[in-house]
Amino acid sequence: MSPAPSKYDSIHVALHWLTAALIIFMLVMGTFSLAETPNSSPDKLFALGGHMILGGTVLVLTIVRLIRLWTRPRPPHAATGNKLLDKLGIGAHHLLYLLILLVAASGIGTALLSGLPGIVFGGNGELPPDFHAYPPRFVHGIATKLLAALVLLHGAGALYHQFVLKDRLFARMWFGRG
Ligand code: HEM
């Protein structure tokens, strides 16, 4: 068996930063713009269309990333020298993937139950007065808040490695030979 690589390959690095940018953009826009725009607003259909396309893209990119992670050699989990922190780091990564999948699934659930694909992309019918009439909308709201908290924790952990432990962790998740 070939030894574990010391860094992620370029495709994984590109997928990581692209999904990160999309997720942060969607969390901010979803919370401060989409959810704040009433369904009666003429701007809502366009915003929902963009949100659904970008959300679907995040889901596809995440599934591709997970398949590549499971089927190819990958660098070992980053170590801090503290067993508890190392376990927390591994758990946080698993939870991050799980939450991304839950956010996407609950968004799709809300969209399907409310007939959004037909309304937004096919011009069939009108938006419901409020998406909270559909149970997956509550899951989407809570899961996006948890995801935002975990994205912040994930960033703080990476900065701790880079600037406190000074182990050059960012080089593993960047292009080139590291
Ligand atoms: C995967 C990444 C996604 C992220 C980060 C995300 C983020 C968000 C956020 C932050 C909100 C506002 C939540 C609130 O403040 O309560 C929201 C609302 C919503 N999202 Fe997503 N979402 C994602 C995927 C999707 C997908 C794939 C769909 C559907 C295909 C979708 C459909 C919706 C709908 C229908 C709303 C409700 C808007 C409203 O209440 O006016 N989302 N999303």
# chains A, B, ... in the order shown; residues from 1 in each chain; ligands from 1

call {"tool": "residues_near_ligand", "arguments": {"ligand": "ligand 1", "cutoff": "6 Å", "atoms": "only C-alpha atoms and all ligand atoms", "output": "PyMOL selection string"}}
result
chain A and resi 23+26-27+30-31+34-35+52+55-56+58-59+100+103-104+107-108+110-111+131+141+144

call {"tool": "write_last_selection", "arguments": {"atoms": "all heavy atoms", "output": "short mmCIF file (atom, residue, chain, number, x, y, z; two decimals), in the first residue's frame"}}
result
data_model
loop_
_atom_site.label_atom_id
_atom_site.label_comp_id
_atom_site.auth_asym_id
_atom_site.auth_seq_id
_atom_site.Cartn_x
_atom_site.Cartn_y
_atom_site.Cartn_z
N ILE A 23 -20.96 28.02 0.67
CA ILE A 23 -21.72 27.84 1.91
C ILE A 23 -21.77 29.16 2.70
O ILE A 23 -22.83 29.57 3.18
CB ILE A 23 -21.13 26.69 2.75
CG1 ILE A 23 -21.47 25.36 2.09
CG2 ILE A 23 -21.65 26.73 4.19
CD1 ILE A 23 -20.84 24.16 2.75
N MET A 26 -24.11 31.52 1.01
CA MET A 26 -25.52 31.12 1.16
C MET A 26 -26.02 31.33 2.58
O MET A 26 -27.19 31.66 2.79
CB MET A 26 -25.70 29.67 0.76
CG MET A 26 -25.48 29.49 -0.72
SD MET A 26 -25.98 27.89 -1.24
CE MET A 26 -27.74 28.01 -1.03
N LEU A 27 -25.14 31.10 3.57
CA LEU A 27 -25.56 31.31 4.96
C LEU A 27 -25.88 32.79 5.18
O LEU A 27 -26.89 33.15 5.79
CB LEU A 27 -24.46 30.86 5.93
CG LEU A 27 -24.31 29.34 6.11
CD1 LEU A 27 -23.08 29.00 6.95
CD2 LEU A 27 -25.56 28.74 6.76
N GLY A 30 -28.89 33.79 2.76
CA GLY A 30 -30.10 33.10 3.19
C GLY A 30 -30.69 33.75 4.43
O GLY A 30 -31.90 33.99 4.51
N THR A 31 -29.80 34.07 5.40
CA THR A 31 -30.28 34.62 6.68
C THR A 31 -30.71 36.08 6.54
O THR A 31 -31.78 36.46 7.01
CB THR A 31 -29.15 34.53 7.74
OG1 THR A 31 -28.70 33.19 7.80
CG2 THR A 31 -29.64 34.99 9.10
N LEU A 34 -32.70 36.34 1.84
CA LEU A 34 -33.78 35.45 1.40
C LEU A 34 -34.90 35.32 2.43
O LEU A 34 -36.08 35.57 2.13
CB LEU A 34 -33.20 34.06 1.08
CG LEU A 34 -34.16 33.03 0.52
CD1 LEU A 34 -34.61 33.43 -0.88
CD2 LEU A 34 -33.52 31.65 0.47
N ALA A 35 -34.53 34.95 3.68
CA ALA A 35 -35.55 34.72 4.70
C ALA A 35 -36.25 36.02 5.10
O ALA A 35 -37.36 36.00 5.63
CB ALA A 35 -34.93 34.04 5.92
N MET A 52 -31.67 27.85 -4.79
CA MET A 52 -31.85 26.41 -5.06
C MET A 52 -30.73 25.88 -5.95
O MET A 52 -30.21 24.78 -5.73
CB MET A 52 -33.21 26.17 -5.71
CG MET A 52 -34.35 26.29 -4.71
SD MET A 52 -35.94 26.57 -5.51
CE MET A 52 -36.23 25.07 -6.33
N GLY A 55 -27.53 25.86 -3.83
CA GLY A 55 -27.65 24.80 -2.80
C GLY A 55 -27.48 23.42 -3.41
O GLY A 55 -26.81 22.56 -2.85
N GLY A 56 -28.09 23.21 -4.58
CA GLY A 56 -27.93 21.92 -5.27
C GLY A 56 -26.48 21.70 -5.66
O GLY A 56 -25.95 20.58 -5.57
N VAL A 58 -23.84 22.89 -4.06
CA VAL A 58 -23.11 22.53 -2.83
C VAL A 58 -23.30 21.04 -2.53
O VAL A 58 -22.35 20.33 -2.19
CB VAL A 58 -23.60 23.37 -1.63
CG1 VAL A 58 -23.08 22.82 -0.31
CG2 VAL A 58 -23.18 24.82 -1.78
N LEU A 59 -24.54 20.56 -2.70
CA LEU A 59 -24.81 19.15 -2.41
C LEU A 59 -23.99 18.24 -3.34
O LEU A 59 -23.34 17.30 -2.87
CB LEU A 59 -26.31 18.86 -2.57
CG LEU A 59 -26.73 17.41 -2.37
CD1 LEU A 59 -26.41 16.94 -0.96
CD2 LEU A 59 -28.22 17.21 -2.65
N ILE A 100 -23.99 19.70 6.40
CA ILE A 100 -24.14 20.18 5.01
C ILE A 100 -25.19 19.33 4.29
O ILE A 100 -26.08 19.85 3.60
CB ILE A 100 -22.79 20.12 4.26
CG1 ILE A 100 -21.77 21.07 4.90
CG2 ILE A 100 -22.98 20.48 2.78
CD1 ILE A 100 -20.35 20.92 4.36
N VAL A 103 -28.67 20.19 5.74
CA VAL A 103 -29.14 21.50 5.26
C VAL A 103 -29.66 21.35 3.83
O VAL A 103 -30.77 21.82 3.49
CB VAL A 103 -28.00 22.55 5.33
CG1 VAL A 103 -28.34 23.78 4.49
CG2 VAL A 103 -27.75 22.97 6.76
N ALA A 104 -28.88 20.67 2.98
CA ALA A 104 -29.31 20.52 1.58
C ALA A 104 -30.59 19.68 1.51
O ALA A 104 -31.53 20.05 0.79
CB ALA A 104 -28.19 19.88 0.77
N GLY A 107 -33.58 21.63 2.70
CA GLY A 107 -33.93 22.66 1.70
C GLY A 107 -34.70 22.02 0.55
O GLY A 107 -35.74 22.54 0.12
N ILE A 108 -34.20 20.88 0.09
CA ILE A 108 -34.87 20.19 -1.02
C ILE A 108 -36.26 19.72 -0.57
O ILE A 108 -37.24 19.83 -1.31
CB ILE A 108 -34.00 19.01 -1.53
CG1 ILE A 108 -32.74 19.58 -2.22
CG2 ILE A 108 -34.78 18.12 -2.50
CD1 ILE A 108 -31.70 18.55 -2.58
N THR A 110 -38.20 21.11 1.69
CA THR A 110 -39.09 22.28 1.71
C THR A 110 -39.53 22.63 0.29
O THR A 110 -40.72 22.89 0.03
CB THR A 110 -38.36 23.52 2.31
OG1 THR A 110 -37.75 23.14 3.55
CG2 THR A 110 -39.30 24.69 2.51
N ALA A 111 -38.55 22.59 -0.62
CA ALA A 111 -38.85 22.97 -2.02
C ALA A 111 -39.86 22.01 -2.64
O ALA A 111 -40.82 22.43 -3.29
CB ALA A 111 -37.55 22.99 -2.82
N PHE A 131 -43.01 29.61 4.07
CA PHE A 131 -42.49 28.24 3.98
C PHE A 131 -42.55 27.49 5.32
O PHE A 131 -42.38 26.27 5.37
CB PHE A 131 -41.05 28.26 3.47
CG PHE A 131 -40.96 28.65 2.03
CD1 PHE A 131 -40.45 29.88 1.66
CD2 PHE A 131 -41.41 27.80 1.04
CE1 PHE A 131 -40.38 30.26 0.32
CE2 PHE A 131 -41.36 28.16 -0.30
CZ PHE A 131 -40.84 29.39 -0.66
N GLY A 141 -33.89 25.80 9.00
CA GLY A 141 -33.55 26.98 9.81
C GLY A 141 -32.58 26.62 10.93
O GLY A 141 -31.56 27.29 11.13
N THR A 144 -29.10 25.30 9.54
CA THR A 144 -28.22 26.36 9.01
C THR A 144 -27.55 27.13 10.15
O THR A 144 -26.39 27.52 10.03
CB THR A 144 -28.99 27.35 8.09
OG1 THR A 144 -30.19 27.76 8.75
CG2 THR A 144 -29.34 26.72 6.76
#

call {"tool": "residues_around", "arguments": {"residues": "A:Pro3", "least_positions_apart": "4", "cutoff": "10 Å", "atoms": "only C-alpha atoms", "output": "short mmCIF file (atom, residue, chain, number, x, y, z; two decimals) with N, CA and C atoms, in the first residue's frame"}}
result
data_model
loop_
_atom_site.label_atom_id
_atom_site.label_comp_id
_atom_site.auth_asym_id
_atom_site.auth_seq_id
_atom_site.Cartn_x
_atom_site.Cartn_y
_atom_site.Cartn_z
N PRO A 73 -6.30 7.67 -1.18
CA PRO A 73 -5.47 7.92 0.00
C PRO A 73 -5.56 9.40 0.40
N ARG A 74 -5.61 9.67 1.69
CA ARG A 74 -5.73 11.06 2.16
C ARG A 74 -4.73 11.30 3.28
N PRO A 75 -4.38 12.55 3.54
CA PRO A 75 -3.44 12.83 4.63
C PRO A 75 -4.04 12.40 5.97
#

call {"tool": "select_by_dssp", "arguments": {"residues": "chain A", "states": "alpha helix (DSSP H)", "output": "VMD selection string"}}
result
chain A and resid 10 to 29 44 to 71 83 to 113 116 to 122 135 to 159

call {"tool": "closest_atom_pairs", "arguments": {"of": "stretch 7-123 of chain A", "to": "stretch 157-173 of chain A", "cutoff": "6 Å", "atoms": "only C-alpha atoms", "output": "tab-separated table"}}
result
residue	atom	partner	partner_atom	distance
A:Lys7	CA	A:Arg172	CA	4.2
A:Tyr8	CA	A:Arg172	CA	5.8
A:Val13	CA	A:Met173	CA	5.4

call {"tool": "write_last_selection", "arguments": {"atoms": "N, CA and C atoms", "output": "PDB file, in the first residue's frame"}}
result
ATOM      1  N   LYS A   7      -0.394  16.001   1.864  1.00  0.00           N
ATOM      2  CA  LYS A   7      -1.368  17.082   1.625  1.00  0.00           C
ATOM      3  C   LYS A   7      -2.490  16.600   0.715  1.00  0.00           C
ATOM      4  N   TYR A   8      -3.558  17.395   0.626  1.00  0.00           N
ATOM      5  CA  TYR A   8      -4.685  17.045  -0.249  1.00  0.00           C
ATOM      6  C   TYR A   8      -4.332  17.363  -1.702  1.00  0.00           C
ATOM      7  N   VAL A  13      -8.560  20.294  -2.987  1.00  0.00           N
ATOM      8  CA  VAL A  13      -8.356  21.675  -2.522  1.00  0.00           C
ATOM      9  C   VAL A  13      -9.363  22.612  -3.200  1.00  0.00           C
TER      10      VAL A  13
END

call {"tool": "residues_around", "arguments": {"residues": "A:Val139", "least_positions_apart": "4", "cutoff": "8 Å", "atoms": "only C-alpha atoms", "output": "list in words"}}
result
Val103, Ser106, Pro135 and Ala143 of chain A

call {"tool": "write_last_selection", "arguments": {"atoms": "N, CA and C atoms", "output": "PDB file, in the first residue's frame"}}
result
ATOM      1  N   VAL A 103     -28.665  20.195   5.743  1.00  0.00           N
ATOM      2  CA  VAL A 103     -29.140  21.503   5.255  1.00  0.00           C
ATOM      3  C   VAL A 103     -29.660  21.353   3.830  1.00  0.00           C
ATOM      4  N   SER A 106     -32.931  19.184   3.794  1.00  0.00           N
ATOM      5  CA  SER A 106     -34.122  19.870   4.326  1.00  0.00           C
ATOM      6  C   SER A 106     -34.561  20.998   3.388  1.00  0.00           C
ATOM      7  N   PRO A 135     -42.780  21.310   7.530  1.00  0.00           N
ATOM      8  CA  PRO A 135     -41.851  20.931   8.606  1.00  0.00           C
ATOM      9  C   PRO A 135     -40.359  20.979   8.229  1.00  0.00           C
ATOM     10  N   ALA A 143     -30.706  23.775  11.240  1.00  0.00           N
ATOM     11  CA  ALA A 143     -29.455  23.174  10.732  1.00  0.00           C
ATOM     12  C   ALA A 143     -28.525  24.252  10.157  1.00  0.00           C
TER      13      ALA A 143
END

call {"tool": "residues_around", "arguments": {"residues": "A:Ala79", "least_positions_apart": "5", "cutoff": "9 Å", "atoms": "only C-alpha atoms", "output": "PDB file with all heavy atoms, in the first residue's frame"}}
result
ATOM      1  N   LEU A  85      -8.492  17.271  22.067  1.00  0.00           N
ATOM      2  CA  LEU A  85      -8.655  18.226  20.954  1.00  0.00           C
ATOM      3  C   LEU A  85      -8.660  17.494  19.613  1.00  0.00           C
ATOM      4  O   LEU A  85      -9.418  17.839  18.703  1.00  0.00           O
ATOM      5  CB  LEU A  85      -7.512  19.240  20.955  1.00  0.00           C
ATOM      6  CG  LEU A  85      -7.670  20.479  21.834  1.00  0.00           C
ATOM      7  CD1 LEU A  85      -6.502  21.430  21.626  1.00  0.00           C
ATOM      8  CD2 LEU A  85      -8.978  21.187  21.530  1.00  0.00           C
ATOM      9  N   ASP A  86      -7.808  16.459  19.496  1.00  0.00           N
ATOM     10  CA  ASP A  86      -7.764  15.700  18.239  1.00  0.00           C
ATOM     11  C   ASP A  86      -9.111  15.028  17.977  1.00  0.00           C
ATOM     12  O   ASP A  86      -9.614  15.038  16.857  1.00  0.00           O
ATOM     13  CB  ASP A  86      -6.660  14.635  18.282  1.00  0.00           C
ATOM     14  CG  ASP A  86      -5.292  15.286  18.263  1.00  0.00           C
ATOM     15  OD1 ASP A  86      -5.223  16.498  18.013  1.00  0.00           O
ATOM     16  OD2 ASP A  86      -4.293  14.577  18.501  1.00  0.00           O
ATOM     17  N   GLY A  89     -11.621  17.543  16.921  1.00  0.00           N
ATOM     18  CA  GLY A  89     -11.394  17.931  15.518  1.00  0.00           C
ATOM     19  C   GLY A  89     -12.007  16.921  14.562  1.00  0.00           C
ATOM     20  O   GLY A  89     -12.702  17.304  13.597  1.00  0.00           O
ATOM     21  N   HIS A 161      -4.143  25.949  14.501  1.00  0.00           N
ATOM     22  CA  HIS A 161      -3.041  25.141  13.964  1.00  0.00           C
ATOM     23  C   HIS A 161      -1.981  26.031  13.317  1.00  0.00           C
ATOM     24  O   HIS A 161      -0.788  25.892  13.564  1.00  0.00           O
ATOM     25  CB  HIS A 161      -3.574  24.171  12.895  1.00  0.00           C
ATOM     26  CG  HIS A 161      -4.076  22.882  13.468  1.00  0.00           C
ATOM     27  ND1 HIS A 161      -3.245  21.830  13.750  1.00  0.00           N
ATOM     28  CD2 HIS A 161      -5.319  22.485  13.805  1.00  0.00           C
ATOM     29  CE1 HIS A 161      -3.957  20.827  14.235  1.00  0.00           C
ATOM     30  NE2 HIS A 161      -5.228  21.194  14.286  1.00  0.00           N
TER      31      HIS A 161
END

call {"tool": "closest_residue", "arguments": {"among": "A:Asn39, A:Leu113, A:Thr19, A:Lys87", "to": "A:Asp130", "atoms": "only C-alpha atoms"}}
result
A:Asn39

call {"tool": "atom_distance", "arguments": {"atom1": "atom CA of A:Ala92", "atom2": "atom CA of A:His154"}}
result
7.4 Å

call {"tool": "atom_distance", "arguments": {"atom1": "atom CA of A:Ser10", "atom2": "atom CA of A:Ile90"}}
result
21.9 Å

call {"tool": "atom_distance", "arguments": {"atom1": "atom CA of A:Gly81", "atom2": "atom CA of A:Arg177"}}
result
24.8 Å

call {"tool": "residues_around", "arguments": {"residues": "A:His16", "least_positions_apart": "6", "cutoff": "9 Å", "atoms": "only C-alpha atoms", "output": "PyMOL selection string"}}
result
chain A and resi 61-62+65+173

call {"tool": "write_last_selection", "arguments": {"atoms": "N, CA, C and O atoms", "output": "mmCIF file, in the first residue's frame"}}
result
data_model
loop_
_atom_site.group_PDB
_atom_site.id
_atom_site.type_symbol
_atom_site.label_atom_id
_atom_site.label_comp_id
_atom_site.auth_asym_id
_atom_site.auth_seq_id
_atom_site.Cartn_x
_atom_site.Cartn_y
_atom_site.Cartn_z
ATOM 1 N N LEU A 61 -21.226 18.926 -5.057
ATOM 2 C CA LEU A 61 -19.785 19.053 -4.785
ATOM 3 C C LEU A 61 -19.413 18.299 -3.507
ATOM 4 O O LEU A 61 -18.352 17.673 -3.434
ATOM 5 N N THR A 62 -20.287 18.340 -2.505
ATOM 6 C CA THR A 62 -19.985 17.662 -1.237
ATOM 7 C C THR A 62 -20.006 16.144 -1.427
ATOM 8 O O THR A 62 -19.150 15.434 -0.879
ATOM 9 N N ARG A 65 -16.877 15.176 -3.135
ATOM 10 C CA ARG A 65 -15.758 15.260 -2.177
ATOM 11 C C ARG A 65 -15.721 14.046 -1.261
ATOM 12 O O ARG A 65 -14.662 13.472 -1.004
ATOM 13 N N MET A 173 -4.016 22.240 2.595
ATOM 14 C CA MET A 173 -5.270 22.524 1.889
ATOM 15 C C MET A 173 -5.040 23.671 0.914
ATOM 16 O O MET A 173 -5.839 24.582 0.795
#

call {"tool": "closest_residue", "arguments": {"among": "A:Ile11, A:Leu48, A:Leu84, A:Ile142", "to": "A:Pro117", "atoms": "only C-alpha atoms"}}
result
A:Leu48

call {"tool": "residues_around", "arguments": {"residues": "A:Ser40", "least_positions_apart": "6", "cutoff": "9 Å", "atoms": "only C-alpha atoms", "output": "list in words"}}
result
Leu127, Pro128 and Pro129 of chain A

call {"tool": "write_last_selection", "arguments": {"atoms": "N, CA and C atoms", "output": "PDB file, in the first residue's frame"}}
result
ATOM      1  N   LEU A 127     -46.206  31.260  -5.028  1.00  0.00           N
ATOM      2  CA  LEU A 127     -45.508  30.884  -3.799  1.00  0.00           C
ATOM      3  C   LEU A 127     -46.497  30.789  -2.640  1.00  0.00           C
ATOM      4  N   PRO A 128     -46.266  29.866  -1.693  1.00  0.00           N
ATOM      5  CA  PRO A 128     -47.121  29.846  -0.499  1.00  0.00           C
ATOM      6  C   PRO A 128     -46.845  31.103   0.329  1.00  0.00           C
ATOM      7  N   PRO A 129     -47.774  31.489   1.221  1.00  0.00           N
ATOM      8  CA  PRO A 129     -47.543  32.723   2.006  1.00  0.00           C
ATOM      9  C   PRO A 129     -46.272  32.619   2.852  1.00  0.00           C
TER      10      PRO A 129
END

call {"tool": "closest_residue", "arguments": {"among": "A:Leu147, A:His132, A:Val28, A:Leu18", "to": "A:Leu98", "atoms": "only C-alpha atoms"}}
result
A:Leu147
